[in-house]
file target_21.pdb (PDB, C-alpha atoms and all ligand atoms)
ATOM      1  CA  MET C   1     113.395  50.384  74.246
ATOM      2  CA  GLU C   2     112.127  52.592  71.432
ATOM      3  CA  ASN C   3     113.304  52.541  67.812
ATOM      4  CA  GLY C   4     116.417  50.666  68.935
ATOM      5  CA  ALA C   5     117.335  53.113  71.719
ATOM      6  CA  ARG C   6     117.215  52.541  75.472
ATOM      7  CA  PHE C   7     115.574  55.041  77.791
ATOM      8  CA  LEU C   8     114.775  55.588  81.438
ATOM      9  CA  ALA C   9     111.086  56.065  82.244
ATOM     10  CA  ASP C  10     110.168  57.223  85.737
ATOM     11  CA  LEU C  11     106.827  55.400  86.116
ATOM     12  CA  THR C  12     105.841  57.019  89.404
ATOM     13  CA  GLY C  13     107.505  60.454  89.456
ATOM     14  CA  GLY C  14     107.696  61.189  85.724
ATOM     15  CA  GLN C  15     105.377  63.075  83.407
ATOM     16  CA  LYS C  16     102.387  61.390  81.738
ATOM     17  CA  THR C  17     102.928  57.597  82.015
ATOM     18  CA  GLY C  18     106.656  58.189  82.462
ATOM     19  CA  TRP C  19     107.221  58.178  78.707
ATOM     20  CA  PHE C  20     105.670  60.108  75.810
ATOM     21  CA  TYR C  21     104.901  57.112  73.600
ATOM     22  CA  ASP C  22     102.946  59.269  71.150
ATOM     23  CA  GLN C  23     106.061  60.769  69.517
ATOM     24  CA  ARG C  24     107.668  57.420  68.621
ATOM     25  CA  ASP C  25     107.205  57.674  64.836
ATOM     26  CA  ASN C  26     108.103  61.367  64.783
ATOM     27  CA  ARG C  27     111.331  60.613  66.674
ATOM     28  CA  ALA C  28     112.226  57.981  64.054
ATOM     29  CA  PHE C  29     111.531  60.500  61.282
ATOM     30  CA  VAL C  30     113.723  63.160  62.878
ATOM     31  CA  ALA C  31     116.506  60.642  63.520
ATOM     32  CA  ARG C  32     116.658  59.968  59.784
ATOM     33  CA  LEU C  33     117.359  63.664  59.192
ATOM     34  CA  ALA C  34     119.959  63.964  61.938
ATOM     35  CA  GLN C  35     122.994  62.203  60.502
ATOM     36  CA  GLY C  36     125.968  64.563  60.364
ATOM     37  CA  ARG C  37     123.905  67.528  61.598
ATOM     38  CA  ARG C  38     123.998  69.551  64.789
ATOM     39  CA  VAL C  39     120.745  68.842  66.631
ATOM     40  CA  LEU C  40     118.941  70.962  69.231
ATOM     41  CA  ASP C  41     116.122  69.260  71.189
ATOM     42  CA  VAL C  42     114.186  71.878  73.143
ATOM     43  CA  TYR C  43     111.790  70.540  75.826
ATOM     44  CA  THR C  44     113.664  67.240  75.733
ATOM     45  CA  TYR C  45     112.033  65.540  78.785
ATOM     46  CA  ALA C  46     113.793  62.128  78.935
ATOM     47  CA  GLY C  47     115.826  62.755  75.774
ATOM     48  CA  GLY C  48     113.509  60.950  73.328
ATOM     49  CA  PHE C  49     114.343  62.951  70.207
ATOM     50  CA  ALA C  50     117.861  63.820  71.353
ATOM     51  CA  VAL C  51     119.192  60.333  72.051
ATOM     52  CA  GLN C  52     117.684  58.828  68.907
ATOM     53  CA  ALA C  53     119.253  61.624  66.842
ATOM     54  CA  ALA C  54     122.614  60.987  68.506
ATOM     55  CA  LEU C  55     122.368  57.243  67.773
ATOM     56  CA  ALA C  56     121.536  58.071  64.154
ATOM     57  CA  GLY C  57     124.878  59.854  63.814
ATOM     58  CA  ALA C  58     124.192  63.502  64.611
ATOM     59  CA  ALA C  59     127.356  65.611  64.693
ATOM     60  CA  SER C  60     126.325  66.879  68.145
ATOM     61  CA  VAL C  61     123.139  66.981  70.196
ATOM     62  CA  THR C  62     122.064  69.596  72.722
ATOM     63  CA  ALA C  63     119.024  68.947  74.921
ATOM     64  CA  VAL C  64     117.212  71.751  76.764
ATOM     65  CA  ASP C  65     114.647  71.441  79.561
ATOM     66  CA  ARG C  66     113.827  73.495  82.631
ATOM     67  CA  SER C  67     113.370  70.380  84.763
ATOM     68  CA  GLU C  68     116.413  68.907  86.466
ATOM     69  CA  HIS C  69     114.575  65.598  86.835
ATOM     70  CA  SER C  70     113.908  65.438  83.077
ATOM     71  CA  LEU C  71     117.524  66.206  82.261
ATOM     72  CA  ALA C  72     118.699  63.490  84.665
ATOM     73  CA  LEU C  73     116.588  60.997  82.684
ATOM     74  CA  ALA C  74     118.004  62.314  79.389
ATOM     75  CA  GLU C  75     121.582  62.117  80.668
ATOM     76  CA  GLY C  76     120.934  58.580  81.902
ATOM     77  CA  ALA C  77     119.584  57.577  78.488
ATOM     78  CA  ALA C  78     122.644  59.027  76.769
ATOM     79  CA  ARG C  79     124.860  56.937  79.038
ATOM     80  CA  LEU C  80     122.784  53.785  78.421
ATOM     81  CA  ASN C  81     123.204  54.250  74.663
ATOM     82  CA  ASP C  82     126.816  55.389  74.925
ATOM     83  CA  VAL C  83     126.238  58.609  72.978
ATOM     84  CA  PRO C  84     127.370  62.132  73.821
ATOM     85  CA  LEU C  85     124.637  64.573  74.861
ATOM     86  CA  SER C  86     124.995  68.120  76.078
ATOM     87  CA  CYS C  87     122.214  68.983  78.538
ATOM     88  CA  VAL C  88     121.231  72.561  79.330
ATOM     89  CA  ARG C  89     118.829  73.459  82.128
ATOM     90  CA  ALA C  90     117.011  76.582  80.981
ATOM     91  CA  GLU C  91     113.705  78.213  80.100
ATOM     92  CA  ALA C  92     113.091  77.334  76.477
ATOM     93  CA  PHE C  93     112.260  80.769  75.054
ATOM     94  CA  ALA C  94     115.140  82.486  76.843
ATOM     95  CA  GLU C  95     117.594  79.786  75.792
ATOM     96  CA  MET C  96     116.524  79.939  72.136
ATOM     97  CA  ALA C  97     116.965  83.733  72.178
ATOM     98  CA  ARG C  98     120.375  83.345  73.817
ATOM     99  CA  LEU C  99     121.517  80.746  71.269
ATOM    100  CA  ASP C 100     120.407  83.018  68.428
ATOM    101  CA  ALA C 101     122.257  85.998  69.882
ATOM    102  CA  ALA C 102     125.341  83.781  70.201
ATOM    103  CA  GLY C 103     125.053  82.895  66.494
ATOM    104  CA  GLU C 104     124.475  79.183  67.135
ATOM    105  CA  ARG C 105     122.938  77.313  64.198
ATOM    106  CA  PHE C 106     121.657  73.733  63.941
ATOM    107  CA  GLY C 107     120.756  71.341  61.127
ATOM    108  CA  VAL C 108     117.771  70.035  63.113
ATOM    109  CA  VAL C 109     115.741  71.830  65.802
ATOM    110  CA  VAL C 110     112.937  70.116  67.735
ATOM    111  CA  VAL C 111     110.443  72.105  69.821
ATOM    112  CA  ASP C 112     107.961  69.810  71.599
ATOM    113  CA  PRO C 113     106.540  71.879  74.462
ATOM    114  CA  PRO C 114     103.955  71.128  77.130
ATOM    115  CA  ALA C 115     100.383  72.076  76.179
ATOM    116  CA  PHE C 116     100.196  75.863  75.780
ATOM    117  CA  VAL C 117      96.387  75.686  75.422
ATOM    118  CA  LYS C 118      95.130  73.930  78.535
ATOM    119  CA  SER C 119      91.468  74.903  78.161
ATOM    120  CA  ARG C 120      89.285  76.461  75.484
ATOM    121  CA  LYS C 121      89.500  79.874  77.094
ATOM    122  CA  ASP C 122      93.327  79.804  76.706
ATOM    123  CA  LEU C 123      93.110  79.327  72.958
ATOM    124  CA  HIS C 124      94.057  82.859  71.964
ATOM    125  CA  SER C 125      97.017  83.274  74.329
ATOM    126  CA  GLY C 126      98.195  79.677  73.851
ATOM    127  CA  ALA C 127      98.080  80.000  70.069
ATOM    128  CA  LYS C 128     100.335  83.060  70.339
ATOM    129  CA  GLY C 129     102.753  80.918  72.364
ATOM    130  CA  TYR C 130     103.172  78.517  69.444
ATOM    131  CA  ARG C 131     103.760  81.472  67.125
ATOM    132  CA  LYS C 132     106.465  82.842  69.421
ATOM    133  CA  MET C 133     108.028  79.388  69.751
ATOM    134  CA  ALA C 134     108.344  79.134  65.955
ATOM    135  CA  ARG C 135     109.691  82.697  65.726
ATOM    136  CA  LEU C 136     112.423  81.900  68.259
ATOM    137  CA  ALA C 137     113.267  78.457  66.850
ATOM    138  CA  ALA C 138     113.432  79.436  63.161
ATOM    139  CA  PRO C 139     116.602  81.576  63.312
ATOM    140  CA  LEU C 140     118.445  78.653  64.903
ATOM    141  CA  VAL C 141     117.835  76.432  61.860
ATOM    142  CA  GLU C 142     120.584  76.677  59.258
ATOM    143  CA  PRO C 143     119.467  77.137  55.632
ATOM    144  CA  GLY C 144     118.315  73.750  54.341
ATOM    145  CA  GLY C 145     117.920  72.496  57.912
ATOM    146  CA  PHE C 146     114.840  71.038  59.575
ATOM    147  CA  LEU C 147     112.408  72.140  62.255
ATOM    148  CA  LEU C 148     109.971  69.864  64.090
ATOM    149  CA  ALA C 149     107.314  71.840  65.957
ATOM    150  CA  ALA C 150     104.736  69.983  68.025
ATOM    151  CA  SER C 151     101.644  70.690  70.081
ATOM    152  CA  CYS C 152     100.003  68.214  72.446
ATOM    153  CA  SER C 153      97.098  70.557  73.284
ATOM    154  CA  HIS C 154      93.695  68.905  72.839
ATOM    155  CA  HIS C 155      92.211  72.386  72.434
ATOM    156  CA  MET C 156      94.550  73.521  69.653
ATOM    157  CA  PRO C 157      93.080  72.657  66.227
ATOM    158  CA  ALA C 158      95.590  71.349  63.669
ATOM    159  CA  GLU C 159      94.800  74.082  61.123
ATOM    160  CA  LEU C 160      95.327  76.858  63.668
ATOM    161  CA  PHE C 161      98.564  75.256  64.855
ATOM    162  CA  ALA C 162      99.878  75.159  61.278
ATOM    163  CA  GLU C 163      98.866  78.822  60.826
ATOM    164  CA  GLU C 164     100.616  79.928  64.011
ATOM    165  CA  ILE C 165     103.806  78.098  63.058
ATOM    166  CA  ALA C 166     103.662  79.686  59.576
ATOM    167  CA  HIS C 167     103.200  83.157  61.137
ATOM    168  CA  GLY C 168     106.142  82.582  63.478
ATOM    169  CA  LEU C 169     108.380  81.567  60.583
ATOM    170  CA  ALA C 170     107.274  84.621  58.602
ATOM    171  CA  GLN C 171     108.024  86.890  61.569
ATOM    172  CA  ALA C 172     111.515  85.368  61.640
ATOM    173  CA  GLY C 173     111.852  86.077  57.935
ATOM    174  CA  ARG C 174     112.094  82.391  57.027
ATOM    175  CA  SER C 175     110.369  80.380  54.350
ATOM    176  CA  GLY C 176     110.252  76.655  53.804
ATOM    177  CA  ARG C 177     108.064  73.675  53.175
ATOM    178  CA  VAL C 178     106.238  71.149  55.298
ATOM    179  CA  LEU C 179     107.710  67.676  54.807
ATOM    180  CA  ARG C 180     105.547  65.889  57.330
ATOM    181  CA  ALA C 181     102.333  66.736  59.134
ATOM    182  CA  ALA C 182     101.710  63.944  61.588
ATOM    183  CA  GLY C 183     100.080  63.065  64.845
ATOM    184  CA  ALA C 184     100.638  60.295  67.305
ATOM    185  CA  ALA C 185     101.756  56.800  66.348
ATOM    186  CA  PRO C 186      99.029  54.255  65.479
ATOM    187  CA  ASP C 187      98.956  52.899  69.023
ATOM    188  CA  HIS C 188      97.096  56.155  69.856
ATOM    189  CA  PRO C 189      93.962  55.614  67.718
ATOM    190  CA  LEU C 190      91.553  58.488  67.131
ATOM    191  CA  HIS C 191      87.885  58.431  68.047
ATOM    192  CA  PRO C 192      86.002  59.251  64.823
ATOM    193  CA  MET C 193      83.454  61.394  66.715
ATOM    194  CA  LEU C 194      86.012  63.225  68.868
ATOM    195  CA  PRO C 195      88.321  65.448  66.811
ATOM    196  CA  GLU C 196      90.170  66.427  70.000
ATOM    197  CA  SER C 197      91.421  62.829  70.303
ATOM    198  CA  ALA C 198      93.848  63.874  67.540
ATOM    199  CA  TYR C 199      95.556  65.969  70.213
ATOM    200  CA  LEU C 200      99.154  65.611  68.976
ATOM    201  CA  LYS C 201     100.218  67.764  66.038
ATOM    202  CA  ALA C 202     103.769  67.568  64.674
ATOM    203  CA  LEU C 203     105.004  69.514  61.672
ATOM    204  CA  VAL C 204     108.425  68.879  60.161
ATOM    205  CA  LEU C 205     109.583  71.698  57.921
ATOM    206  CA  GLN C 206     112.673  72.264  55.866
ATOM    207  CA  LEU C 207     113.646  75.946  56.004
ATOM    208  CA  ASP C 208     115.341  77.930  53.258
TER     209      ASP C 208
HETATM  210  C1  LIG O 301     105.756  67.348  76.188
HETATM  211  S1  LIG O 301     107.183  67.220  77.194
HETATM  212  C2  LIG O 301     108.430  66.938  75.993
HETATM  213  C3  LIG O 301     108.498  65.517  75.510
HETATM  214  C4  LIG O 301     109.783  65.165  74.779
HETATM  215  N1  LIG O 301     110.045  66.036  73.661
HETATM  216  C5  LIG O 301     109.774  63.713  74.351
HETATM  217  O1  LIG O 301     110.021  63.427  73.163
HETATM  218  O2  LIG O 301     109.523  62.845  75.208
HETATM  219  C6  LIG O 301     107.515  68.887  77.684
HETATM  220  C7  LIG O 301     108.826  69.117  78.454
HETATM  221  O3  LIG O 301     109.012  70.529  78.526
HETATM  222  C8  LIG O 301     109.587  70.876  79.768
HETATM  223  N2  LIG O 301     109.241  72.287  79.976
HETATM  224  C9  LIG O 301     108.033  72.796  80.321
HETATM  225  N3  LIG O 301     108.081  74.142  80.314
HETATM  226  C10 LIG O 301     109.348  74.493  79.938
HETATM  227  C11 LIG O 301     109.997  75.736  79.723
HETATM  228  N4  LIG O 301     109.363  76.893  79.902
HETATM  229  N5  LIG O 301     111.287  75.716  79.335
HETATM  230  C12 LIG O 301     111.955  74.551  79.157
HETATM  231  N6  LIG O 301     111.377  73.337  79.357
HETATM  232  C13 LIG O 301     110.092  73.304  79.728
HETATM  233  C14 LIG O 301     108.997  69.896  80.749
HETATM  234  O4  LIG O 301     109.857  69.742  81.863
HETATM  235  C15 LIG O 301     108.875  68.627  79.880
HETATM  236  O5  LIG O 301     110.013  67.831  80.075
END
call {"tool": "encode", "arguments": {"input": "target_21.pdb", "output": "structure tokens", "more": "lines below"}}
Ligand SMILES: C[S@@+](CC[C@H](N)C(=O)[O-])C[C@H]1O[C@@H](n2cnc3c(N)ncnc32)[C@H](O)[C@@H]1O
result
Amino acid sequence: MENGARFLADLTGGQKTGWFYDQRDNRAFVARLAQGRRVLDVYTYAGGFAVQAALAGAASVTAVDRSEHSLALAEGAARLNDVPLSCVRAEAFAEMARLDAAGERFGVVVVDPPAFVKSRKDLHSGAKGYRKMARLAAPLVEPGGFLLAASCSHHMPAELFAEEIAHGLAQAGRSGRVLRAAGAAPDHPLHPMLPESAYLKALVLQLD
């Protein structure tokens, strides 16, 4: 159970512990924005953002992941909560480009990818990945709609992440404002001497 929704966690074959607990508060925040809006949850894993948005009254929810196993968990969660969910198995960047070309627009877009910066030496290339992610996601957000962009890379500093997201939005010709800059929920406390323990960065923006 999380925020009143039921999920399936694969404790032995799933990713991390089987459930990404760290996004709990960010999922609740996004769910509050979802009512009556079309929602796109890219990198859905077990449907955490998607199912909570659907329960909160989203007009429709589409969940994208390249992993069949993840999508099976998301579909199972949708059934458990008796909400409709459209699951698409695809590479995230290609699918976002395809949706844009097809003219699809959403009131809420979530992009919560795996770590693009896996070690310090990947910082430059990984940072560019977050910029590209924002550039591809931004056109899908309708004017006045919301974008949640996240990074779980220990090696990606929060300031640089915010800069890369801002650059991506600018490249897409979009402006907006940050409504929430958050990390993990309080059950993931930070070590005061280890800035990298604040590994999760989540920005929620409203785009013009
Ligand atoms: C950090 S998890 C997402 C967690 C999820 N948003 C949640 O709230 O629990 C990253 C997900 O991205 C998927 N993934 C990784 N690379 C991908 C890609 N290139 N395209 C689409 N999905 C991808 C993985 O299968 C995994 O489910």
call {"tool": "closest_atom_pairs", "arguments": {"input": "target_21.pdb", "of": "chain C", "to": "ligand LIG 301 (chain O)", "cutoff": "10 Å", "atoms": "all atoms listed in the file", "output": "Markdown table"}}
result
| residue | atom | partner | partner_atom | distance |
| --- | --- | --- | --- | --- |
| C:Ala9 | CA | O:LIG301 | O2 | 9.9 |
| C:Gly14 | CA | O:LIG301 | O5 | 9.0 |
| C:Gln15 | CA | O:LIG301 | O5 | 7.4 |
| C:Lys16 | CA | O:LIG301 | S1 | 8.8 |
| C:Gly18 | CA | O:LIG301 | O2 | 9.1 |
| C:Trp19 | CA | O:LIG301 | O2 | 6.3 |
| C:Phe20 | CA | O:LIG301 | O2 | 4.8 |
| C:Tyr21 | CA | O:LIG301 | O2 | 7.5 |
| C:Asp22 | CA | O:LIG301 | O1 | 8.4 |
| C:Gln23 | CA | O:LIG301 | O1 | 6.0 |
| C:Arg24 | CA | O:LIG301 | O1 | 7.9 |
| C:Asn26 | CA | O:LIG301 | O1 | 8.8 |
| C:Arg27 | CA | O:LIG301 | O1 | 7.2 |
| C:Asp41 | CA | O:LIG301 | N1 | 7.3 |
| C:Val42 | CA | O:LIG301 | C12 | 6.9 |
| C:Tyr43 | CA | O:LIG301 | O3 | 3.9 |
| C:Thr44 | CA | O:LIG301 | N1 | 4.3 |
| C:Tyr45 | CA | O:LIG301 | O5 | 3.3 |
| C:Ala46 | CA | O:LIG301 | O2 | 5.7 |
| C:Gly47 | CA | O:LIG301 | C5 | 6.3 |
| C:Gly48 | CA | O:LIG301 | O1 | 4.3 |
| C:Phe49 | CA | O:LIG301 | O1 | 5.3 |
| C:Ala50 | CA | O:LIG301 | O1 | 8.1 |
| C:Val51 | CA | O:LIG301 | O1 | 9.7 |
| C:Gln52 | CA | O:LIG301 | O1 | 9.9 |
| C:Ala63 | CA | O:LIG301 | N1 | 9.5 |
| C:Val64 | CA | O:LIG301 | C12 | 6.4 |
| C:Asp65 | CA | O:LIG301 | N6 | 3.8 |
| C:Arg66 | CA | O:LIG301 | C12 | 4.1 |
| C:Ser67 | CA | O:LIG301 | O4 | 4.6 |
| C:Glu68 | CA | O:LIG301 | O4 | 8.1 |
| C:His69 | CA | O:LIG301 | O4 | 8.0 |
| C:Ser70 | CA | O:LIG301 | O5 | 5.5 |
| C:Leu71 | CA | O:LIG301 | O5 | 8.0 |
| C:Leu73 | CA | O:LIG301 | O5 | 9.8 |
| C:Ala74 | CA | O:LIG301 | O2 | 9.5 |
| C:Val88 | CA | O:LIG301 | C12 | 9.5 |
| C:Arg89 | CA | O:LIG301 | C12 | 7.6 |
| C:Ala90 | CA | O:LIG301 | C12 | 5.7 |
| C:Glu91 | CA | O:LIG301 | N5 | 3.6 |
| C:Ala92 | CA | O:LIG301 | N5 | 3.7 |
| C:Phe93 | CA | O:LIG301 | N5 | 6.7 |
| C:Ala94 | CA | O:LIG301 | N5 | 8.2 |
| C:Glu95 | CA | O:LIG301 | N5 | 8.3 |
| C:Met96 | CA | O:LIG301 | N5 | 9.9 |
| C:Val110 | CA | O:LIG301 | N1 | 7.8 |
| C:Val111 | CA | O:LIG301 | N1 | 7.2 |
| C:Asp112 | CA | O:LIG301 | N1 | 4.8 |
| C:Pro113 | CA | O:LIG301 | C6 | 4.5 |
| C:Pro114 | CA | O:LIG301 | C6 | 4.2 |
| C:Ala115 | CA | O:LIG301 | C1 | 7.2 |
| C:Phe116 | CA | O:LIG301 | N3 | 9.3 |
| C:Ala150 | CA | O:LIG301 | C1 | 8.6 |
| C:Ser151 | CA | O:LIG301 | C1 | 8.1 |
| C:Cys152 | CA | O:LIG301 | C1 | 6.9 |
| C:Ser153 | CA | O:LIG301 | C1 | 9.7 |
| C:Leu200 | CA | O:LIG301 | C1 | 9.9 |
call {"tool": "residues_around", "arguments": {"input": "target_21.pdb", "residues": "Arg177 in chain C", "least_positions_apart": "3", "cutoff": "12 Å", "atoms": "all atoms listed in the file", "output": "short mmCIF file (atom, residue, chain, number, x, y, z; two decimals) with C-alpha atoms, in the frame of the given file"}}
result
data_model
loop_
_atom_site.label_atom_id
_atom_site.label_comp_id
_atom_site.auth_asym_id
_atom_site.auth_seq_id
_atom_site.Cartn_x
_atom_site.Cartn_y
_atom_site.Cartn_z
CA GLY C 144 118.32 73.75 54.34
CA GLY C 145 117.92 72.50 57.91
CA PHE C 146 114.84 71.04 59.58
CA LEU C 147 112.41 72.14 62.26
CA LEU C 148 109.97 69.86 64.09
CA ALA C 162 99.88 75.16 61.28
CA ILE C 165 103.81 78.10 63.06
CA ALA C 166 103.66 79.69 59.58
CA LEU C 169 108.38 81.57 60.58
CA ARG C 174 112.09 82.39 57.03
CA ARG C 180 105.55 65.89 57.33
CA ALA C 181 102.33 66.74 59.13
CA LEU C 203 105.00 69.51 61.67
CA VAL C 204 108.42 68.88 60.16
CA LEU C 205 109.58 71.70 57.92
CA GLN C 206 112.67 72.26 55.87
CA LEU C 207 113.65 75.95 56.00
CA ASP C 208 115.34 77.93 53.26
#
call {"tool": "resolve_selection", "arguments": {"input": "target_21.pdb", "expression": "the PyMOL selection byres (((chain C and resi 83) around 12) and not hetatm)", "output": "ChimeraX atom specification"}}
result
/C:5-6,47,50-62,74-82,84-86
call {"tool": "write_last_selection", "arguments": {"input": "target_21.pdb", "atoms": "C-alpha atoms", "output": "short mmCIF file (atom, residue, chain, number, x, y, z; two decimals), in the coordinates of the input"}}
result
data_model
loop_
_atom_site.label_atom_id
_atom_site.label_comp_id
_atom_site.auth_asym_id
_atom_site.auth_seq_id
_atom_site.Cartn_x
_atom_site.Cartn_y
_atom_site.Cartn_z
CA ALA C 5 117.34 53.11 71.72
CA ARG C 6 117.22 52.54 75.47
CA GLY C 47 115.83 62.76 75.77
CA ALA C 50 117.86 63.82 71.35
CA VAL C 51 119.19 60.33 72.05
CA GLN C 52 117.68 58.83 68.91
CA ALA C 53 119.25 61.62 66.84
CA ALA C 54 122.61 60.99 68.51
CA LEU C 55 122.37 57.24 67.77
CA ALA C 56 121.54 58.07 64.15
CA GLY C 57 124.88 59.85 63.81
CA ALA C 58 124.19 63.50 64.61
CA ALA C 59 127.36 65.61 64.69
CA SER C 60 126.32 66.88 68.14
CA VAL C 61 123.14 66.98 70.20
CA THR C 62 122.06 69.60 72.72
CA ALA C 74 118.00 62.31 79.39
CA GLU C 75 121.58 62.12 80.67
CA GLY C 76 120.93 58.58 81.90
CA ALA C 77 119.58 57.58 78.49
CA ALA C 78 122.64 59.03 76.77
CA ARG C 79 124.86 56.94 79.04
CA LEU C 80 122.78 53.78 78.42
CA ASN C 81 123.20 54.25 74.66
CA ASP C 82 126.82 55.39 74.92
CA PRO C 84 127.37 62.13 73.82
CA LEU C 85 124.64 64.57 74.86
CA SER C 86 125.00 68.12 76.08
#
call {"tool": "atom_distance", "arguments": {"input": "target_21.pdb", "atom1": "CA of Arg38 in chain C", "atom2": "CA of Phe106 in chain C"}}
result
4.9 Å
call {"tool": "closest_residue", "arguments": {"input": "target_21.pdb", "among": "C:His191, C:Lys201, C:Met156, C:Val30", "to": "Asn3 in chain C", "atoms": "only C-alpha atoms"}}
result
C:Val30
call {"tool": "residues_around", "arguments": {"input": "target_21.pdb", "residues": "range 119-122 of chain C", "least_positions_apart": "4", "cutoff": "12 Å", "atoms": "only C-alpha atoms", "output": "list of chain:residue names"}}
result
C:Ala115, C:Gly126, C:Ala127, C:Lys128, C:Gly129, C:Ser153, C:His154, C:His155, C:Met156, C:Pro157, C:Glu196
call {"tool": "atom_distance", "arguments": {"input": "target_21.pdb", "atom1": "CA of Arg135 in chain C", "atom2": "CA of Leu99 in chain C"}}
result
13.2 Å
call {"tool": "closest_residue", "arguments": {"input": "target_21.pdb", "among": "C:Pro143, C:Asp25, C:Glu164, C:Gly103", "to": "Pro186 in chain C", "atoms": "only C-alpha atoms"}}
result
C:Asp25
call {"tool": "axis_aligned_box", "arguments": {"input": "target_21.pdb", "around": "range 4-14 of chain C", "padding_each_side": "4 Å", "output": "AutoDock Vina command-line options"}}
result
--center_x 111.6 --center_y 55.9 --center_z 79.2 --size_x 19.5 --size_y 18.5 --size_z 28.5
call {"tool": "closest_residue", "arguments": {"input": "target_21.pdb", "among": "C:Val117, C:Ser125, C:Pro139, C:Gln35", "to": "Gly168 in chain C", "atoms": "all atoms listed in the file"}}
result
C:Pro139
call {"tool": "residues_around", "arguments": {"input": "target_21.pdb", "residues": "Glu104 in chain C", "least_positions_apart": "3", "cutoff": "9 Å", "atoms": "all atoms listed in the file", "output": "ChimeraX atom specification"}}
result
/C:98-101,140-141
